[in-house]
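To keep things clear, I will list the structure first and then write my remarks on it.
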Amino acid sequence: MARWDWDLVVLGAGSGGVRAARLAAESGARVAVVEQGRVGGTCVLRGCVPKKLLVIGAQFAEALADMPGFGWGLEGVTFDWTSLIAAKNAELARLETVYARALRDVGVTLIEGRGVLADAHTVEAAGQAHTAAHILLATGARPALPEVPGIEHAVTSDEALDLLQLPGRVAIVGGGYVAVEFAGIFNALGARVTQILRGDTVLRGFDADIRATLAEEMVRKGIDLRCGTTVRSIEKTAAGTSLRLSDDETLEADLVLYATGRRPNSQGLGLAEAGIEVDRKGAVIVDSFSRTTVPSVYAVGDLTDRRNLTPVALAEAAAFVQTVYRNRPTAMDYRHIPTAVFSLPPVATVGATEAEARRKGEVDVYLSRFRPMRNTLAGRNERSMTKMVVDRATGRVAGIHMVGADAPEIIQGFAAALKCGVTKAQIDATLGVHPTAAEEFVTLRDRRPDPQPEGED
Ligand code: NDP
């Protein structure tokens, strides 16, 4: 009889957990996944997928506004929020069954219930102890709410994806991925959106030109951006909600959405009892092979708070399987992670920001702003921006950044090029696909003048 009930027990059926379970089972391991809710996790059920479906829904509103310029009449066009939410929910239910079937097809057992570690080789779930040679923690993260008087009147992205009605006035707190994406959705669908952020502009950590360009376009679209502002308190009123802001202004809203970051789901899992260490934020501490402070227990994805993106969790899960089940110890490579923000307009980026690249050495910066062809007949006064940061010594491209339609689709290919160490000269030697926005990257010629050292004009 086997020493353990399972070779691997995975806690959490989200992107990282499902990928690890499937690959481990395909490698011959006997695998169980413990999940207390639906199969799919944040990305499929409360994040990337439903958010993008709503973004696509919102983009039709912009397309409608552009259509008369191309000869279309719009009489009789209507929008029904309830239908969009119902269609989105039907798609999520379909994906959930696809994920569950994918687990079953490779022989993974799904244990429904909450899993808690009893020791380094035992998970208690569904009233039973399950022993395993290895345990993988992949329980993800959830929205974090700061302590503000009246915070109970606010919702998070979890609820915002499932509203019964489209609110008329929305106050969004935060300036990160989630905040700007929801600002775009609600604004395009006709709500009056005020976005309150404590920083000097949106998307801290992104390239400065991306941040400035996106903020400018968001304001142009009608979003009221209140930078350097915080919320003092929130009150329920007869008409909705009232927010008192740090500048003493009062803001009335029908919906208050907090998008102020996420916290790892590490509480109540028996981690401390099993000897697994977490950091100050509650993220599970792991080494470069995703191994926790207990050798038989690994952790991947948002629970470890490294780069909280689905493709990263998937890659960490794959590296874990290589390491443990395929005898090929694999450390995850965190360089050149492309990412997109599905704001309106969208943002996409790969590699270093200009500021990061300048800290490492001298750089050449190329930037272009242009009006996409579609916007000409549409009469839309919206410009796109492409930017390339090049390491002067080697000519290698250090970072590529874009704001504008199709940016996420365009950056994916450049991410492969950066992974291969592409140089600016090689990109210059590449022919454009004409007429596209993407060809801007192969025709970037004008080097931006170097910034003057401080103190000089
Ligand atoms: P982010 O960490 O991106 O942004 C959090 C925002 O909230 C920042 O603007 C931050 O301000 C602000 N904030 C934090 N605490 C407070 C507070 N107490 N009071 C006021 N403002 C506060 O988190 P998100 O929730 O937007 O997203 C979570 C993660 O999910 C992202 O980091 C990303 O990895 C992932 N994600 C990815 C998406 C994608 O790939 N398209 C989409 C959505 C999420 P400051 O900058 O000043 O700290």
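Chain identifiers are assigned as A, B, and so on, following the order in which chains appear in the structure tokens; residues are numbered from 1 within each chain, and ligands are numbered from 1 in order of appearance.
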query = Where in range 189-277 of chain A does DSSP assign strand (DSSP E or B), given as a PyMOL selection string?
reply = chain A and resi 192-196+224-226+231-236+241-245+250-253+255-258+262-264
inquiry  = Within 7 Å of ligand 1 (counting only C-alpha atoms and all ligand atoms), which residues show up? I'd like them as a ChimeraX atom specification.
reply    = /A:47-48,143,146,173-179,197-199,202-204,230,259-262,307-309,339-342
ask   = By how many Å are CA of Gly282 in chain A and CA of Gly205 in chain A apart?
value =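 Interatomic distance, CA of Gly282 in chain A to CA of Gly205 in chain A: 21.8 Å.
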One-decimal distance in Å that lies between CA of Ala21 in chain A and CA of Val324 in chain A =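 Interatomic distance, CA of Val324 in chain A to CA of Ala21 in chain A: 12.1 Å.
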key: Test item: residues at most 8 Å from Glu96 in chain A, only C-alpha atoms, excluding those fewer than 6 positions along its chain, as number ranges by chain   = A: 38-40, 44
Please produce a file of those selected residues containing N, CA, C and O atoms, as a PDB file, in the first residue's frame.
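For reference, result-v4.pdb as written:
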```
ATOM      1  N   ARG A  38     -16.366  27.454  -6.378  1.00  0.00           N
ATOM      2  CA  ARG A  38     -16.471  26.945  -7.739  1.00  0.00           C
ATOM      3  C   ARG A  38     -15.077  26.741  -8.328  1.00  0.00           C
ATOM      4  O   ARG A  38     -14.117  27.396  -7.916  1.00  0.00           O
ATOM      5  N   VAL A  39     -14.991  25.872  -9.308  1.00  0.00           N
ATOM      6  CA  VAL A  39     -13.711  25.640  -9.987  1.00  0.00           C
ATOM      7  C   VAL A  39     -13.450  26.803 -10.957  1.00  0.00           C
ATOM      8  O   VAL A  39     -14.352  27.207 -11.685  1.00  0.00           O
ATOM      9  N   GLY A  40     -12.243  27.342 -10.933  1.00  0.00           N
ATOM     10  CA  GLY A  40     -11.912  28.427 -11.867  1.00  0.00           C
ATOM     11  C   GLY A  40     -11.092  29.534 -11.229  1.00  0.00           C
ATOM     12  O   GLY A  40     -10.254  30.145 -11.879  1.00  0.00           O
ATOM     13  N   VAL A  44     -10.999  33.245 -13.710  1.00  0.00           N
ATOM     14  CA  VAL A  44     -12.170  32.817 -14.482  1.00  0.00           C
ATOM     15  C   VAL A  44     -13.476  33.368 -13.905  1.00  0.00           C
ATOM     16  O   VAL A  44     -14.377  33.731 -14.655  1.00  0.00           O
TER      17      VAL A  44
END
```
message = Ranking A:Pro372, A:Pro264, A:Pro311, A:Gly71 by minimum distance to Asp279 in chain A and counting only C-alpha atoms, which one comes first?
response = A:Pro264
